[in-house]
Every structure is written in C-alpha cells, then in structure tokens.
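J.: Right, I'll just put the structure down here and ask away after.
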Amino acid sequence: MKLPFKVDLKNKIAAVTGAGGVICAEFCRALAACGAKVALLDINYDAAKSVADEVGENAFAVECDCLDKSSLISARAAVCARFGDVNFLVNGAGGNNSRATTDNEFMTPDTVGIKDFFSLEEIGLKKVFDLNIISAFLATQVFAESMVRSGGNIVNISSMNAYRPLTKIPAYSAAKAGLSNFTQWVAVHFAPCKIRCNAIAPGFFATNQNRDLLFDKTGAPTARTGKILAATPMKRLGEICDLIGAFLWLADDKASAFVTGAVIPVDGGFSAYSGV
C-alpha cells in the first residue's frame with residue numbers, strides 16, 4: 001500500500017478488533033507496512049484471514065467475539081504465543097443495526113405505516129450499544145492489563161455522529177458519543193501507567209455497512225448523500241486512505257507522545273461547518 005508517510009512501528013505488537021472491515025483492514029496494512037506485528041481479530045474469521053494473508057508473515061487472523069470476554073482472553077493468549085504481549089490496541093469493532101434506525105428524519109403527527117421512533121426495537125438499541133461500547137470496554141479490559149506494566153497505546157474508532165447526531169440513527173449516534181467519552185476516561189485513568197488513549201472520528205466514508213444508504217442501485221448518490229456533501233466544505237466523501245495519516249500519527253509514540261484523550265475528526269470540515 002502507499003503510505004502518506006512512514007513511521008517506525010517495529011516495536012509494536014498490535015491487536016485490531018473488527019479487522020475484517022474496510023477501515024480496520026487498511027489500518028492493519030498500514031501497521032504492517034511500518035513494521036508492526038498485527039493480530040487481526042474479527043468474529044468473521046474468513047474476512048480477517050483474507051486481509052492477514054495479504055499482509056504477510058507479520059500478521060495473522062484470530063476468530064474473536066468482542067462481546068465475549070472469554071473469547072477475547074483466548075485471542076490474547078493466541079497473540080501472546082505468536083508475537084508477545086500486545087502494546088497497541090485498536091478498538092475498531094462496531095456498527096449500526098436496522099432495528100435501531102427510523103425511516104423518517106423528522107416526526108410528524110400524521111406519520112403512518114413507517115418505522116418511526118416509537119417503532120424502534122429495544123433489542124436493536126442494545127445491539128448497537130454492545131457493538132460500539134461494550135466491545136471496546138471488554139477489549140480494553142483484556143488487552144490493557146499487560147500494558148499497565150510496560151505502557152501502551154489505544155486507538156478507538158469513533159464517528160462524526162459523536163459530535164453531531166445524524167437523523168434516523170439515534171442509537172448509533174449516542175453509542176459513538178459514549179465511545180468518545182470512554183476514550184477520555186481511559187486516557188485519564190491509565191495515564192500514570194504510560195498508556196495513551198485517543199480516538200479517530202471519521203466523517204463520511206463509503207463502506208460496506210453504509211453503501212446502500214449513500215448510493216442507489218444505479219450507483220448515483222442518494223438524497224441523503226446530497227445533504228452530507230452540502231454540509232462538507234471539501235464537497236466529497238472521504239476515502240479510506242484519508243484516515244491513514246491521522247492513524248499513524250497516533251500510533252507513533254514519538255510523534256504524538258503528549259497526545260491522550262483526544263478525538264480527532266477526519267471529516268472534510270463537516271464538524272466545523274455551521275451551514276452558513
């Protein structure tokens with residue numbers, strides 16, 4: 001892969017959750033390209049293994065359910081046996097759930113026959129919070145334990161929704177806001193142990209999860225995409241490579257040595273734009 005710049009991560013042993021996804025797969029490639037040893041954790045083993053096979057000998061896939069602490073502990077043992085103790089954790093597992101998503105952007109008294117706020121399912125909301133917060137909480141519990149002795153680095157994947165909630169997805173927006181807050185809490189709590197914790201908040205990127213919301217069956221931008229672009233000063237969706245610079249900066253303990261508790265927006269100006 002082509003990196004925007006290269007840092008020396010030869011001392012890094014990284015565990016990346018959600019590693020089979022589009023964004024975290026690219027993070028794994030970047031880490032390995034900079035010399036890190038990378039364990040790709042995902043409940044979808046085939047997806048993680050496909051990326052690991054592409055990366056090469058400094059990477060291997062581990063089937064792991066990030067909502068099951070015993071599964072995470074088993075994954076940690078596998079990584080330790082292969083590479084040693086993890087000193088860099090990327091909490092990338094997450095996502096939304098259709099049962100926690102409304103059909104309408106705004107509620108009106110005459111709304112009939114659609115999935116509105118009152119139709120959202122509790123199980124859907126719980127699933128979203130589990131995917132985005134509980135997974136990060138459990139993975140941090142498991143992998144930060146060895147970091148307490150020798151220091152470490154944690155990067156969480158938040159979202160623009162943490163800054164400004166989007167219509168239709170109340171659970172995802174609230175969960176990512178919670179993850180940003182958890183990032184700050186961890187940064188403070190573990191600072192005496194020389195563990196840094198930061199987050200990246202991507203703006204709008206086309207991924208496997210949201211592609212159907214952004215483009216119609218012909219590949220044309222949807223009305224929702226039009227609104228996104230209108231509110232993004234750079235007037236385009238992000239490309240995955242746009243995240244790599246911020247990620248490598250946070251990964252390098254020299255470049256970002258005094259940065260902890262930060263949530264870095266990579267959003268084309270979306271969070272800065274008031275609309276006028």
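Just remember, in the structure tokens the first chain shown is A, the second B, etc., residues are 1-based per chain, and ligands are 1-based in the order shown.
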I'd like a table as a Markdown table: residues in region 162-221 of chain A with an atom no more than 10 Å from region 146-150 of chain A, each row giving the shortest atom pair and its distance in Å to one decimal, only C-alpha atoms counted, sorted by chain and rising residue number.
T.:
```
| residue | atom | partner | partner_atom | distance |
| --- | --- | --- | --- | --- |
| A:Phe190 | CA | A:Val148 | CA | 7.6 |
| A:Ala191 | CA | A:Val148 | CA | 9.7 |
| A:Pro192 | CA | A:Val148 | CA | 8.9 |
| A:Cys193 | CA | A:Val148 | CA | 5.3 |
| A:Lys194 | CA | A:Ser150 | CA | 7.6 |
| A:Ile195 | CA | A:Met147 | CA | 6.9 |
```
J.: Could you pull the residues within 10 Å of Thr102 (chain A), counting only C-alpha atoms, minus those fewer than 6 positions along the same chain, as number ranges by chain?
T.: A: 114-120, 167-170
J.: Could you write out that same residue set with all heavy atoms as a compact mmCIF listing (two decimals), in the first residue's frame?
T.:
```
# COMPACT_ATOMS: atom_id res chain seq x y z
N ILE A 114 -44.82 3.63 8.71
CA ILE A 114 -43.37 3.55 8.57
C ILE A 114 -42.75 3.26 9.93
O ILE A 114 -43.40 3.38 10.97
CB ILE A 114 -42.76 4.84 7.98
CG1 ILE A 114 -42.93 6.01 8.98
CG2 ILE A 114 -43.36 5.17 6.64
CD1 ILE A 114 -42.15 7.24 8.57
N LYS A 115 -41.49 2.90 9.93
CA LYS A 115 -40.79 2.64 11.17
C LYS A 115 -40.33 3.98 11.76
O LYS A 115 -39.31 4.54 11.36
CB LYS A 115 -39.61 1.71 10.94
CG LYS A 115 -38.90 1.28 12.22
CD LYS A 115 -37.83 0.24 11.97
CE LYS A 115 -36.77 0.76 11.04
NZ LYS A 115 -35.61 -0.15 10.89
N ASP A 116 -41.11 4.50 12.72
CA ASP A 116 -40.77 5.76 13.34
C ASP A 116 -40.10 5.51 14.69
O ASP A 116 -39.80 4.37 15.05
CB ASP A 116 -42.01 6.65 13.48
CG ASP A 116 -43.09 6.03 14.37
OD1 ASP A 116 -42.80 5.05 15.10
OD2 ASP A 116 -44.23 6.53 14.33
N PHE A 117 -39.88 6.56 15.44
CA PHE A 117 -39.20 6.45 16.73
C PHE A 117 -39.89 5.46 17.66
O PHE A 117 -39.24 4.67 18.35
CB PHE A 117 -39.12 7.82 17.39
CG PHE A 117 -38.59 7.79 18.79
CD1 PHE A 117 -37.22 7.69 19.03
CD2 PHE A 117 -39.45 7.85 19.88
CE1 PHE A 117 -36.73 7.64 20.33
CE2 PHE A 117 -38.96 7.79 21.18
CZ PHE A 117 -37.60 7.70 21.41
N PHE A 118 -41.21 5.48 17.66
CA PHE A 118 -41.96 4.63 18.56
C PHE A 118 -41.95 3.17 18.13
O PHE A 118 -42.37 2.29 18.88
CB PHE A 118 -43.40 5.14 18.68
CG PHE A 118 -43.46 6.55 19.17
CD1 PHE A 118 -43.77 7.60 18.30
CD2 PHE A 118 -43.18 6.85 20.49
CE1 PHE A 118 -43.80 8.91 18.75
CE2 PHE A 118 -43.20 8.17 20.96
CZ PHE A 118 -43.51 9.20 20.09
N SER A 119 -41.46 2.89 16.93
CA SER A 119 -41.39 1.52 16.42
C SER A 119 -40.02 0.88 16.62
O SER A 119 -39.84 -0.30 16.34
CB SER A 119 -41.73 1.50 14.92
OG SER A 119 -42.99 2.09 14.67
N LEU A 120 -39.05 1.65 17.09
CA LEU A 120 -37.71 1.10 17.27
C LEU A 120 -37.72 0.01 18.33
O LEU A 120 -38.43 0.10 19.33
CB LEU A 120 -36.72 2.20 17.66
CG LEU A 120 -36.51 3.32 16.63
CD1 LEU A 120 -35.43 4.27 17.12
CD2 LEU A 120 -36.15 2.75 15.27
N THR A 167 -29.78 12.29 11.77
CA THR A 167 -31.16 11.82 11.79
C THR A 167 -31.19 10.32 11.49
O THR A 167 -30.27 9.77 10.90
CB THR A 167 -32.01 12.56 10.74
OG1 THR A 167 -31.41 12.37 9.45
CG2 THR A 167 -32.07 14.06 11.04
N LYS A 168 -32.22 9.68 11.93
CA LYS A 168 -32.55 8.27 11.69
C LYS A 168 -31.79 7.28 12.57
O LYS A 168 -32.24 6.16 12.75
CB LYS A 168 -32.32 7.87 10.21
CG LYS A 168 -33.21 8.60 9.22
CD LYS A 168 -33.02 8.01 7.82
CE LYS A 168 -33.95 8.67 6.82
NZ LYS A 168 -33.84 8.04 5.47
N ILE A 169 -30.62 7.65 13.10
CA ILE A 169 -29.79 6.65 13.80
C ILE A 169 -29.48 7.10 15.24
O ILE A 169 -28.32 7.36 15.58
CB ILE A 169 -28.50 6.35 13.01
CG1 ILE A 169 -27.78 7.65 12.61
CG2 ILE A 169 -28.81 5.52 11.78
CD1 ILE A 169 -26.44 7.39 11.93
N PRO A 170 -30.50 7.16 16.09
CA PRO A 170 -30.27 7.67 17.46
C PRO A 170 -29.34 6.78 18.28
O PRO A 170 -28.53 7.29 19.05
CB PRO A 170 -31.68 7.70 18.05
CG PRO A 170 -32.45 6.67 17.28
CD PRO A 170 -31.91 6.76 15.88
```
J.: Nearest to Pro4 (chain A): which of A:Val112, A:Ala30, A:Cys24, A:Val90 is it, counting only C-alpha atoms?
T.: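 Nearest to Pro4 (chain A): A:Ala30.
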J.: Which residues, written as a VMD selection string, have at least one atom at most 12 Å from Tyr273 (chain A), with only C-alpha atoms counted and residues fewer than 3 positions away on the same chain left out?
T.: chain A and resid 164 228 to 235 267 to 270 276
J.: Take the residues from that selection and write them out as an mmCIF file, in the first residue's frame, keeping all heavy atoms.
T.:
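Written output follows (part-v8.cif):
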```
data_model
loop_
_atom_site.group_PDB
_atom_site.id
_atom_site.type_symbol
_atom_site.label_atom_id
_atom_site.label_comp_id
_atom_site.auth_asym_id
_atom_site.auth_seq_id
_atom_site.Cartn_x
_atom_site.Cartn_y
_atom_site.Cartn_z
ATOM 1 N N ARG A 164 -22.149 15.378 16.291
ATOM 2 C CA ARG A 164 -23.445 15.880 15.844
ATOM 3 C C ARG A 164 -24.300 14.692 15.431
ATOM 4 O O ARG A 164 -24.026 14.045 14.410
ATOM 5 C CB ARG A 164 -23.250 16.839 14.658
ATOM 6 C CG ARG A 164 -22.414 18.052 15.005
ATOM 7 C CD ARG A 164 -22.069 18.864 13.767
ATOM 8 N NE ARG A 164 -23.246 19.346 13.090
ATOM 9 C CZ ARG A 164 -23.220 20.006 11.926
ATOM 10 N NH1 ARG A 164 -22.053 20.236 11.350
ATOM 11 N NH2 ARG A 164 -24.326 20.423 11.360
ATOM 12 N N ILE A 228 -25.203 15.311 2.910
ATOM 13 C CA ILE A 228 -23.870 15.169 3.512
ATOM 14 C C ILE A 228 -22.852 16.036 2.785
ATOM 15 O O ILE A 228 -22.070 16.767 3.397
ATOM 16 C CB ILE A 228 -23.432 13.695 3.491
ATOM 17 C CG1 ILE A 228 -24.271 12.877 4.481
ATOM 18 C CG2 ILE A 228 -21.942 13.561 3.809
ATOM 19 C CD1 ILE A 228 -24.097 11.386 4.336
ATOM 20 N N LEU A 229 -22.868 15.949 1.473
ATOM 21 C CA LEU A 229 -21.902 16.712 0.681
ATOM 22 C C LEU A 229 -22.134 18.215 0.823
ATOM 23 O O LEU A 229 -21.185 19.001 0.835
ATOM 24 C CB LEU A 229 -21.973 16.284 -0.784
ATOM 25 C CG LEU A 229 -21.539 14.845 -1.067
ATOM 26 C CD1 LEU A 229 -21.730 14.506 -2.546
ATOM 27 C CD2 LEU A 229 -20.090 14.607 -0.650
ATOM 28 N N ALA A 230 -23.397 18.613 0.938
ATOM 29 C CA ALA A 230 -23.708 20.027 1.106
ATOM 30 C C ALA A 230 -23.175 20.558 2.431
ATOM 31 O O ALA A 230 -22.867 21.750 2.556
ATOM 32 C CB ALA A 230 -25.218 20.242 1.028
ATOM 33 N N ALA A 231 -23.058 19.682 3.420
ATOM 34 C CA ALA A 231 -22.581 20.088 4.747
ATOM 35 C C ALA A 231 -21.097 19.802 4.946
ATOM 36 O O ALA A 231 -20.569 19.995 6.039
ATOM 37 C CB ALA A 231 -23.395 19.381 5.829
ATOM 38 N N THR A 232 -20.430 19.342 3.904
ATOM 39 C CA THR A 232 -18.997 19.044 3.970
ATOM 40 C C THR A 232 -18.242 20.050 3.110
ATOM 41 O O THR A 232 -18.344 20.018 1.877
ATOM 42 C CB THR A 232 -18.710 17.615 3.465
ATOM 43 O OG1 THR A 232 -19.456 16.681 4.250
ATOM 44 C CG2 THR A 232 -17.228 17.287 3.561
ATOM 45 N N PRO A 233 -17.502 20.973 3.706
ATOM 46 C CA PRO A 233 -16.830 22.015 2.930
ATOM 47 C C PRO A 233 -15.948 21.485 1.801
ATOM 48 O O PRO A 233 -15.820 22.136 0.758
ATOM 49 C CB PRO A 233 -16.003 22.757 3.990
ATOM 50 C CG PRO A 233 -16.804 22.601 5.240
ATOM 51 C CD PRO A 233 -17.364 21.211 5.165
ATOM 52 N N MET A 234 -15.348 20.306 1.983
ATOM 53 C CA MET A 234 -14.477 19.775 0.932
ATOM 54 C C MET A 234 -15.267 19.105 -0.192
ATOM 55 O O MET A 234 -14.680 18.661 -1.190
ATOM 56 C CB MET A 234 -13.448 18.822 1.531
ATOM 57 C CG MET A 234 -12.464 19.534 2.451
ATOM 58 S SD MET A 234 -11.115 18.488 3.066
ATOM 59 C CE MET A 234 -10.106 18.352 1.586
ATOM 60 N N LYS A 235 -16.589 18.989 -0.027
ATOM 61 C CA LYS A 235 -17.518 18.563 -1.085
ATOM 62 C C LYS A 235 -17.216 17.183 -1.664
ATOM 63 O O LYS A 235 -17.366 16.952 -2.861
ATOM 64 C CB LYS A 235 -17.545 19.600 -2.227
ATOM 65 C CG LYS A 235 -17.996 20.982 -1.781
ATOM 66 C CD LYS A 235 -19.364 20.956 -1.127
ATOM 67 C CE LYS A 235 -19.789 22.332 -0.644
ATOM 68 N NZ LYS A 235 -21.007 22.293 0.174
ATOM 69 N N ASP A 267 -12.860 14.603 8.605
ATOM 70 C CA ASP A 267 -14.238 14.752 8.127
ATOM 71 C C ASP A 267 -14.448 15.766 7.012
ATOM 72 O O ASP A 267 -15.583 16.111 6.691
ATOM 73 C CB ASP A 267 -15.141 15.125 9.303
ATOM 74 C CG ASP A 267 -14.814 16.512 9.877
ATOM 75 O OD1 ASP A 267 -13.761 17.079 9.515
ATOM 76 O OD2 ASP A 267 -15.617 17.019 10.680
ATOM 77 N N GLY A 268 -13.368 16.263 6.432
ATOM 78 C CA GLY A 268 -13.527 17.234 5.354
ATOM 79 C C GLY A 268 -14.148 18.540 5.791
ATOM 80 O O GLY A 268 -14.661 19.302 4.976
ATOM 81 N N GLY A 269 -14.117 18.824 7.101
ATOM 82 C CA GLY A 269 -14.657 20.074 7.607
ATOM 83 C C GLY A 269 -16.096 20.009 8.085
ATOM 84 O O GLY A 269 -16.660 21.025 8.519
ATOM 85 N N PHE A 270 -16.702 18.809 8.046
ATOM 86 C CA PHE A 270 -18.121 18.669 8.412
ATOM 87 C C PHE A 270 -18.407 19.217 9.814
ATOM 88 O O PHE A 270 -19.377 19.946 10.017
ATOM 89 C CB PHE A 270 -18.535 17.197 8.327
ATOM 90 C CG PHE A 270 -19.977 16.946 8.641
ATOM 91 C CD1 PHE A 270 -20.934 16.963 7.639
ATOM 92 C CD2 PHE A 270 -20.387 16.668 9.935
ATOM 93 C CE1 PHE A 270 -22.274 16.728 7.928
ATOM 94 C CE2 PHE A 270 -21.718 16.422 10.243
ATOM 95 C CZ PHE A 270 -22.676 16.462 9.238
ATOM 96 N N VAL A 276 -23.771 28.068 7.156
ATOM 97 C CA VAL A 276 -23.838 29.420 6.586
ATOM 98 C C VAL A 276 -22.432 30.004 6.567
ATOM 99 O O VAL A 276 -21.555 29.569 7.295
ATOM 100 C CB VAL A 276 -24.758 30.344 7.402
ATOM 101 C CG1 VAL A 276 -26.192 29.878 7.302
ATOM 102 C CG2 VAL A 276 -24.321 30.424 8.852
#
```
J.: Name all residues at most 8 Å from region 13-18 of chain A (count only C-alpha atoms; drop same-chain ones fewer than 3 positions away) and give them as a ChimeraX atom specification.
T.: /A:21,24,28,36-43,66,79,83-94
J.: DSSP says helix (DSSP H, G or I) for which residues of region 55-249 of chain A? Put them as number ranges by chain?
T.: A: 55, 69-82, 98-100, 117-119, 122-150, 160-162, 170-189, 191-193, 211-214, 223-230, 240-249
J.: Measuring atom to atom with only C-alpha atoms, identify which of A:Lys49, A:Lys217, A:Arg99, A:Lys254 is nearest to Gly20 (chain A).
T.: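 Closest to Gly20 (chain A), using only C-alpha atoms: A:Lys49.
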J.: Report the residues of region 65-178 of chain A whose backbone DSSP state falls under strand (DSSP E or B), written as a list of chain:residue names.
T.: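 Residues of region 65-178 of chain A classed as strand (DSSP E or B): A:Phe88, A:Leu89, A:Val90, A:Asn91, A:Gly152, A:Asn153, A:Ile154, A:Val155, A:Asn156, A:Ile157.
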J.: By how many Å are CA of Ser98 (chain A) and CA of Val155 (chain A) apart?
T.: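 Between CA of Ser98 (chain A) and CA of Val155 (chain A) the gap works out to 26.6 Å.
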J.: Can you write out as a Markdown table which residues of region 158-210 of chain A fall within 8 Å of region 122-144 of chain A, alongside each residue's closest atom pair and its distance in Å to one decimal, counting only C-alpha atoms and ordering rows by chain and ascending residue number?
T.:
```
| residue | atom | partner | partner_atom | distance |
| --- | --- | --- | --- | --- |
| A:Ala171 | CA | A:Leu125 | CA | 5.6 |
| A:Tyr172 | CA | A:Val128 | CA | 6.2 |
| A:Ala175 | CA | A:Phe129 | CA | 5.4 |
| A:Lys176 | CA | A:Asn132 | CA | 6.8 |
| A:Gly178 | CA | A:Ile133 | CA | 7.0 |
| A:Leu179 | CA | A:Ile133 | CA | 5.7 |
```
J.: Any chance you can output those residues with N, CA, C and O atoms as a PDB file, in the first residue's frame?
T.:
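Everything below was put into part-v1.pdb:
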```
ATOM      1  N   ALA A 171     -29.455   5.474  18.137  1.00  0.00           N
ATOM      2  CA  ALA A 171     -28.628   4.581  18.955  1.00  0.00           C
ATOM      3  C   ALA A 171     -27.156   4.661  18.552  1.00  0.00           C
ATOM      4  O   ALA A 171     -26.271   4.731  19.414  1.00  0.00           O
ATOM      5  N   TYR A 172     -26.892   4.662  17.264  1.00  0.00           N
ATOM      6  CA  TYR A 172     -25.508   4.721  16.782  1.00  0.00           C
ATOM      7  C   TYR A 172     -24.859   6.043  17.198  1.00  0.00           C
ATOM      8  O   TYR A 172     -23.714   6.070  17.659  1.00  0.00           O
ATOM      9  N   ALA A 175     -24.208   5.932  20.918  1.00  0.00           N
ATOM     10  CA  ALA A 175     -23.150   4.967  21.240  1.00  0.00           C
ATOM     11  C   ALA A 175     -21.775   5.527  20.910  1.00  0.00           C
ATOM     12  O   ALA A 175     -20.818   5.373  21.685  1.00  0.00           O
ATOM     13  N   LYS A 176     -21.650   6.181  19.768  1.00  0.00           N
ATOM     14  CA  LYS A 176     -20.351   6.754  19.410  1.00  0.00           C
ATOM     15  C   LYS A 176     -19.984   7.926  20.321  1.00  0.00           C
ATOM     16  O   LYS A 176     -18.807   8.129  20.646  1.00  0.00           O
ATOM     17  N   GLY A 178     -20.804   8.000  23.411  1.00  0.00           N
ATOM     18  CA  GLY A 178     -20.339   7.286  24.590  1.00  0.00           C
ATOM     19  C   GLY A 178     -18.925   6.768  24.433  1.00  0.00           C
ATOM     20  O   GLY A 178     -18.116   6.800  25.373  1.00  0.00           O
ATOM     21  N   LEU A 179     -18.586   6.303  23.225  1.00  0.00           N
ATOM     22  CA  LEU A 179     -17.235   5.802  22.976  1.00  0.00           C
ATOM     23  C   LEU A 179     -16.207   6.925  23.063  1.00  0.00           C
ATOM     24  O   LEU A 179     -15.108   6.739  23.603  1.00  0.00           O
TER      25      LEU A 179
END
```
J.: Which residues are close to Lys2 (chain A), i.e. within 10 Å by only C-alpha atoms, leaving aside same-chain residues fewer than 5 positions away? Reply as number ranges by chain.
T.: A: 29-30, 33, 241, 244
J.: I'd like to know which of A:Lys227, A:Ala174, A:Ala187, A:Asn97 is closest to Phe258 (chain A), using only C-alpha atoms.
T.: A:Ala187
J.: What separation in Å, quoted to one decimal, exists between CA of Asp212 (chain A) and CA of Arg224 (chain A)?
T.: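 Answer for the CA of Asp212 (chain A) to CA of Arg224 (chain A) separation: 10.9 Å.
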J.: If we count only C-alpha atoms and set the cut-off at 7 Å, which residues sit around Ser159 (chain A), ignoring sequence neighbours fewer than 4 positions away in its own chain? Please answer as a ChimeraX atom specification.
T.: /A:176,201-203
J.: Got a sec: who's within 12 Å of Val22 (chain A), counting only C-alpha atoms, leaving out chain neighbours fewer than 3 positions off, as a ChimeraX atom specification?
T.: /A:18-19,25-29,47-48,50-51,92-93,205-211,239-241,243
J.: Given the selection you just returned, output its residues as a file containing C-alpha atoms, formatted as a tab-separated table (two decimals), in the first residue's frame.
T.:
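Ended up saving to result-v3.tsv:
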```tsv
chain	number	residue	atom	x	y	z
A	18	GLY	CA	-13.12	-5.51	13.61
A	19	ALA	CA	-10.06	-6.12	11.45
A	25	ALA	CA	-8.24	-3.76	7.33
A	26	GLU	CA	-6.49	-0.71	5.91
A	27	PHE	CA	-5.17	0.17	9.35
A	28	CYS	CA	-3.71	-3.34	9.60
A	29	ARG	CA	-1.98	-2.93	6.26
A	47	ALA	CA	-12.64	-11.78	6.35
A	48	ALA	CA	-9.78	-11.29	8.81
A	50	SER	CA	-8.11	-12.76	3.84
A	51	VAL	CA	-6.51	-9.50	4.97
A	92	GLY	CA	-12.48	-0.97	15.60
A	93	ALA	CA	-15.39	-3.36	16.13
A	205	PHE	CA	-16.81	7.32	4.04
A	206	ALA	CA	-18.34	4.72	1.75
A	207	THR	CA	-18.03	1.35	3.50
A	208	ASN	CA	-19.79	-1.99	3.19
A	209	GLN	CA	-22.15	-1.01	6.01
A	210	ASN	CA	-23.41	2.27	4.62
A	211	ARG	CA	-23.01	1.96	0.86
A	239	GLU	CA	-11.51	7.78	1.04
A	240	ILE	CA	-10.08	5.21	3.43
A	241	CYS	CA	-6.56	6.42	2.68
A	243	LEU	CA	-7.58	8.18	7.61
```
J.: Which residue is closest to Ser173 (chain A)? Choose from A:Gly95, A:Phe215, A:Cys197, A:Leu31 and count only C-alpha atoms.
T.: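 Comparing A:Gly95, A:Phe215, A:Cys197, A:Leu31 against Ser173 (chain A), the winner is A:Gly95.
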J.: Could you check the closest approach to Cys34 (chain A) for each of A:Val62, A:Val188, A:Leu72, A:Val55 and tell me which residue wins, using only C-alpha atoms?
T.: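 Under the stated criterion, the closest residue is A:Val55.
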